[in-house]
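The structure appears right after this line, and notes come after that.
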Amino acid sequence: MGDLLLVRHGETEWSRSGQHTSWTDLPLTRAGEEQAKSLAPLLSGRTFSLALTSPLHRAARTAELAGVARAVPDPDLHEWDYGGYEGVTTVEIHRTRPDWSLWTDGVPPGPDGHPGESPAEVGARADRVLSRVAAALAEGDVILVAHGHFLRVVTARRLGLAPADGRLFQLATGTVSRLSTEHGRPVVAEWNTRP
């Protein structure tokens, strides 16, 4: 059984400012590009039976700069749809909803085509991704290059936890994390690794 490597894309202007970023397809900052390039030594020497990336530019560019060859875009690796909270920081949300949590409360609807997603809906996408990569994991390592909140939900689901338990796994930009197995059960082997 191979390992599941999770790469969060490099820094963008909004990830630096803490703004929720799902469908807004921002480029990597200069620092984000350097973060992505710095991941190449952590990934070199590995052969991936499958490499998937979010279709958004920031993730695809991170994969390219990190040297992830033949990464295939997968729409299910898209970031959580933040609906009406797109571009808004948690600090701003807390001004009117002091107890709000993405993990338990979800988001209000946004503009047409962006109704927002609940934790359960993001969990369903994560489950589809995990089903898709299962056969490839039997052949070797798999790498997913995507977004913070989505990869946190993937982690929770891989470990048999509820989607909302993704809140337990803080994930920094420009990092590699590795889910492996121990005695046949999924475990966190490395988290937020940088060179």
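Chains: A, B, ... in order of the structure tokens. Residues: from 1 per chain. Ligands: from 1, in order shown.
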
For the contact check between segment 7-120 of chain A and segment 145-148 of chain A, emit one row per residue of segment 7-120 of chain A within 9 Å, containing the shortest atom pair and the distance in Å rounded to one decimal, counting only C-alpha atoms, chain then rising number order, as a Markdown table.
| residue | atom | partner | partner_atom | distance |
| --- | --- | --- | --- | --- |
| A:Val7 | CA | A:Val145 | CA | 4.6 |
| A:Arg8 | CA | A:His147 | CA | 5.2 |
| A:His9 | CA | A:Ala146 | CA | 6.0 |
| A:Ser22 | CA | A:His147 | CA | 8.6 |
| A:Ala51 | CA | A:Val145 | CA | 8.0 |
| A:Leu52 | CA | A:Val145 | CA | 6.4 |
| A:Thr53 | CA | A:Val145 | CA | 4.6 |
| A:Ser54 | CA | A:Ala146 | CA | 5.1 |
| A:Pro55 | CA | A:Ala146 | CA | 8.6 |
| A:Leu56 | CA | A:Ala146 | CA | 8.4 |
| A:Arg58 | CA | A:Ala146 | CA | 8.4 |
| A:Ala59 | CA | A:Ala146 | CA | 5.3 |
| A:Ala60 | CA | A:Val145 | CA | 7.4 |
| A:Thr62 | CA | A:Val145 | CA | 7.5 |
| A:Ala63 | CA | A:Val145 | CA | 6.3 |
| A:Ala71 | CA | A:Val145 | CA | 8.5 |
| A:Leu77 | CA | A:Ala146 | CA | 6.0 |
| A:His78 | CA | A:Ala146 | CA | 7.0 |
| A:Glu79 | CA | A:His147 | CA | 5.5 |
| A:Trp80 | CA | A:His147 | CA | 8.4 |

Selection to disk with N, CA and C atoms, as a short mmCIF file (atom, residue, chain, number, x, y, z; two decimals), in the first residue's frame:
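Saved result, selection.cif, follows:
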data_model
loop_
_atom_site.label_atom_id
_atom_site.label_comp_id
_atom_site.auth_asym_id
_atom_site.auth_seq_id
_atom_site.Cartn_x
_atom_site.Cartn_y
_atom_site.Cartn_z
N VAL A 7 -0.39 18.02 -0.93
CA VAL A 7 0.37 19.26 -1.10
C VAL A 7 -0.62 20.41 -1.15
N ARG A 8 -0.49 21.33 -0.20
CA ARG A 8 -1.29 22.55 -0.26
C ARG A 8 -0.54 23.54 -1.14
N HIS A 9 -1.28 24.20 -2.03
CA HIS A 9 -0.66 25.15 -2.94
C HIS A 9 0.11 26.23 -2.18
N SER A 22 -12.14 30.30 -2.71
CA SER A 22 -12.48 29.04 -3.38
C SER A 22 -12.39 29.24 -4.89
N ALA A 51 -1.17 11.17 -9.93
CA ALA A 51 -0.99 12.55 -9.47
C ALA A 51 -2.19 13.35 -9.93
N LEU A 52 -2.91 13.92 -8.95
CA LEU A 52 -4.10 14.72 -9.25
C LEU A 52 -3.90 16.13 -8.70
N THR A 53 -4.48 17.10 -9.39
CA THR A 53 -4.43 18.47 -8.93
C THR A 53 -5.80 19.11 -9.07
N SER A 54 -6.05 20.08 -8.24
CA SER A 54 -7.23 20.91 -8.41
C SER A 54 -7.14 21.57 -9.79
N PRO A 55 -8.27 21.88 -10.41
CA PRO A 55 -8.21 22.57 -11.70
C PRO A 55 -7.84 24.04 -11.59
N LEU A 56 -7.77 24.58 -10.38
CA LEU A 56 -7.45 25.99 -10.22
C LEU A 56 -5.96 26.24 -10.41
N ARG A 58 -3.67 28.10 -9.05
CA ARG A 58 -2.71 28.12 -7.93
C ARG A 58 -2.24 26.73 -7.56
N ALA A 59 -3.12 25.73 -7.69
CA ALA A 59 -2.73 24.35 -7.39
C ALA A 59 -1.94 23.74 -8.55
N ALA A 60 -2.42 23.94 -9.77
CA ALA A 60 -1.73 23.39 -10.94
C ALA A 60 -0.32 23.97 -11.05
N THR A 62 1.50 25.14 -8.57
CA THR A 62 2.30 24.55 -7.48
C THR A 62 2.81 23.18 -7.90
N ALA A 63 1.94 22.36 -8.48
CA ALA A 63 2.37 21.03 -8.93
C ALA A 63 3.50 21.15 -9.95
N ALA A 71 0.43 15.55 -13.67
CA ALA A 71 -0.70 15.75 -12.74
C ALA A 71 -1.96 16.01 -13.56
N LEU A 77 -11.20 18.10 -6.56
CA LEU A 77 -10.17 18.65 -5.68
C LEU A 77 -10.28 20.16 -5.51
N HIS A 78 -11.34 20.74 -6.04
CA HIS A 78 -11.61 22.18 -5.89
C HIS A 78 -11.76 22.51 -4.41
N GLU A 79 -11.40 23.74 -4.05
CA GLU A 79 -11.55 24.16 -2.66
C GLU A 79 -13.03 24.22 -2.26
N TRP A 80 -13.29 24.15 -0.98
CA TRP A 80 -14.62 24.33 -0.39
C TRP A 80 -15.26 25.55 -1.03
#

Segment 110-127 of chain A environment, 6 Å, only C-alpha atoms, sequence neighbours closer than 5 positions dropped, as an mmCIF file with C-alpha atoms, in the first residue's frame:
data_model
loop_
_atom_site.group_PDB
_atom_site.id
_atom_site.type_symbol
_atom_site.label_atom_id
_atom_site.label_comp_id
_atom_site.auth_asym_id
_atom_site.auth_seq_id
_atom_site.Cartn_x
_atom_site.Cartn_y
_atom_site.Cartn_z
ATOM 1 C CA ASP A 76 -13.462 17.214 -7.063
ATOM 2 C CA ASP A 81 -17.217 26.609 -2.027
ATOM 3 C CA TYR A 82 -17.380 29.475 0.478
ATOM 4 C CA GLY A 83 -20.533 30.931 -1.084
ATOM 5 C CA GLY A 84 -21.227 34.396 0.289
ATOM 6 C CA VAL A 154 -9.636 14.491 2.832
ATOM 7 C CA PRO A 163 -15.718 15.839 7.547
ATOM 8 C CA ALA A 164 -15.973 18.502 10.278
#

message = Under the rule that only C-alpha atoms are counted, which of A:Glu190, A:Asp25, A:Asp141, A:Asp3 is the nearest residue to Gly87 of chain A?
response =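 Result for the nearest residue to Gly87 of chain A: A:Asp25.
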
inquiry  = Quick check, in Å to one decimal: how far apart do atom CA of Leu5 of chain A and atom CA of Arg178 of chain A lie?
reply    =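 Computed distance, atom CA of Leu5 of chain A to atom CA of Arg178 of chain A, equals 4.5 Å.
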
When DSSP is applied to the backbone of this structure, which of segment 113-176 of chain A are assigned strand (DSSP E)? Write them out as an mmCIF file with all heavy atoms, in the first residue's frame.
data_model
loop_
_atom_site.group_PDB
_atom_site.id
_atom_site.type_symbol
_atom_site.label_atom_id
_atom_site.label_comp_id
_atom_site.auth_asym_id
_atom_site.auth_seq_id
_atom_site.Cartn_x
_atom_site.Cartn_y
_atom_site.Cartn_z
ATOM 1 N N ASP A 141 2.547 5.199 -4.381
ATOM 2 C CA ASP A 141 2.185 6.485 -3.794
ATOM 3 C C ASP A 141 1.272 7.287 -4.723
ATOM 4 O O ASP A 141 1.367 7.201 -5.944
ATOM 5 C CB ASP A 141 3.438 7.321 -3.516
ATOM 6 C CG ASP A 141 4.324 6.718 -2.440
ATOM 7 O OD1 ASP A 141 3.854 5.846 -1.688
ATOM 8 O OD2 ASP A 141 5.496 7.142 -2.353
ATOM 9 N N VAL A 142 0.415 8.089 -4.108
ATOM 10 C CA VAL A 142 -0.492 8.992 -4.819
ATOM 11 C C VAL A 142 -0.268 10.389 -4.255
ATOM 12 O O VAL A 142 -0.049 10.551 -3.048
ATOM 13 C CB VAL A 142 -1.967 8.564 -4.626
ATOM 14 C CG1 VAL A 142 -2.926 9.619 -5.171
ATOM 15 C CG2 VAL A 142 -2.218 7.212 -5.299
ATOM 16 N N ILE A 143 -0.327 11.397 -5.119
ATOM 17 C CA ILE A 143 -0.180 12.772 -4.667
ATOM 18 C C ILE A 143 -1.382 13.597 -5.097
ATOM 19 O O ILE A 143 -1.874 13.457 -6.224
ATOM 20 C CB ILE A 143 1.147 13.397 -5.183
ATOM 21 C CG1 ILE A 143 1.379 14.766 -4.536
ATOM 22 C CG2 ILE A 143 1.181 13.452 -6.702
ATOM 23 C CD1 ILE A 143 2.786 15.307 -4.742
ATOM 24 N N LEU A 144 -1.884 14.412 -4.171
ATOM 25 C CA LEU A 144 -2.974 15.348 -4.428
ATOM 26 C C LEU A 144 -2.445 16.750 -4.167
ATOM 27 O O LEU A 144 -1.930 17.023 -3.085
ATOM 28 C CB LEU A 144 -4.162 15.081 -3.494
ATOM 29 C CG LEU A 144 -4.745 13.677 -3.458
ATOM 30 C CD1 LEU A 144 -5.879 13.609 -2.437
ATOM 31 C CD2 LEU A 144 -5.232 13.239 -4.838
ATOM 32 N N VAL A 145 -2.572 17.635 -5.152
ATOM 33 C CA VAL A 145 -2.152 19.029 -4.993
ATOM 34 C C VAL A 145 -3.416 19.871 -5.021
ATOM 35 O O VAL A 145 -4.099 19.938 -6.052
ATOM 36 C CB VAL A 145 -1.171 19.465 -6.097
ATOM 37 C CG1 VAL A 145 -0.694 20.897 -5.846
ATOM 38 C CG2 VAL A 145 0.017 18.498 -6.186
ATOM 39 N N ALA A 146 -3.745 20.474 -3.893
ATOM 40 C CA ALA A 146 -5.039 21.148 -3.805
ATOM 41 C C ALA A 146 -4.997 22.255 -2.758
ATOM 42 O O ALA A 146 -4.006 22.972 -2.631
ATOM 43 C CB ALA A 146 -6.142 20.122 -3.537
ATOM 44 N N THR A 175 3.183 23.272 1.672
ATOM 45 C CA THR A 175 3.661 22.169 2.515
ATOM 46 C C THR A 175 3.282 20.823 1.913
ATOM 47 O O THR A 175 2.357 20.721 1.100
ATOM 48 C CB THR A 175 3.072 22.239 3.932
ATOM 49 O OG1 THR A 175 1.644 22.234 3.850
ATOM 50 C CG2 THR A 175 3.553 23.471 4.674
ATOM 51 N N VAL A 176 3.995 19.798 2.358
ATOM 52 C CA VAL A 176 3.697 18.410 2.003
ATOM 53 C C VAL A 176 3.312 17.688 3.282
ATOM 54 O O VAL A 176 3.983 17.815 4.308
ATOM 55 C CB VAL A 176 4.918 17.700 1.377
ATOM 56 C CG1 VAL A 176 4.608 16.228 1.101
ATOM 57 C CG2 VAL A 176 5.366 18.404 0.107
#

task = Mind the document's chain letters and residue numbers, and return as a ChimeraX atom specification the residues of segment 129-169 of chain A that DSSP labels alpha helix (DSSP H).
result = /A:129-139,148-158

message = Please list as an NGL selection string every residue within 7 Å of segment 32-45 of chain A, counting only C-alpha atoms and excluding residues in the same chain fewer than 6 positions away.
response = :A and (10-12 or 62 or 65-67 or 174 or 194-195)

task = Tell me which of A:Leu4, A:Val153, A:Ala31, A:Leu159 sits closest to Leu102 of chain A, counting only C-alpha atoms.
result =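 For Leu102 of chain A, the nearest of the given residues is A:Val153.
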
inquiry  = Which residue is closest to Val129 of chain A? Choose from A:Asp74, A:Glu13, A:Glu182, A:Asp105 and count only C-alpha atoms.
reply    = A:Asp74

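Restricting the calculation to only C-alpha atoms, the smallest distance between Val72 of chain A and any of A:Val91, A:Ala136, A:Val188, A:Leu50 is found for A:Leu50.
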
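Pairwise distance (atom CA of Thr89 of chain A, atom CA of His20 of chain A) equals 6.0 Å.
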
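Note that atom CA of Arg46 of chain A and atom CA of Leu161 of chain A are 28.1 Å apart.
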
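When only C-alpha atoms are used to measure the gap to Leu171 of chain A, the shortest distance among A:Trp14, A:Phe48, A:Phe150, A:Trp103 belongs to A:Phe150.
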
key: From A:Gly166, A:Arg16, A:Thr104, A:Ala156, residue lying nearest Leu179 of chain A [only C-alpha atoms]   = A:Ala156
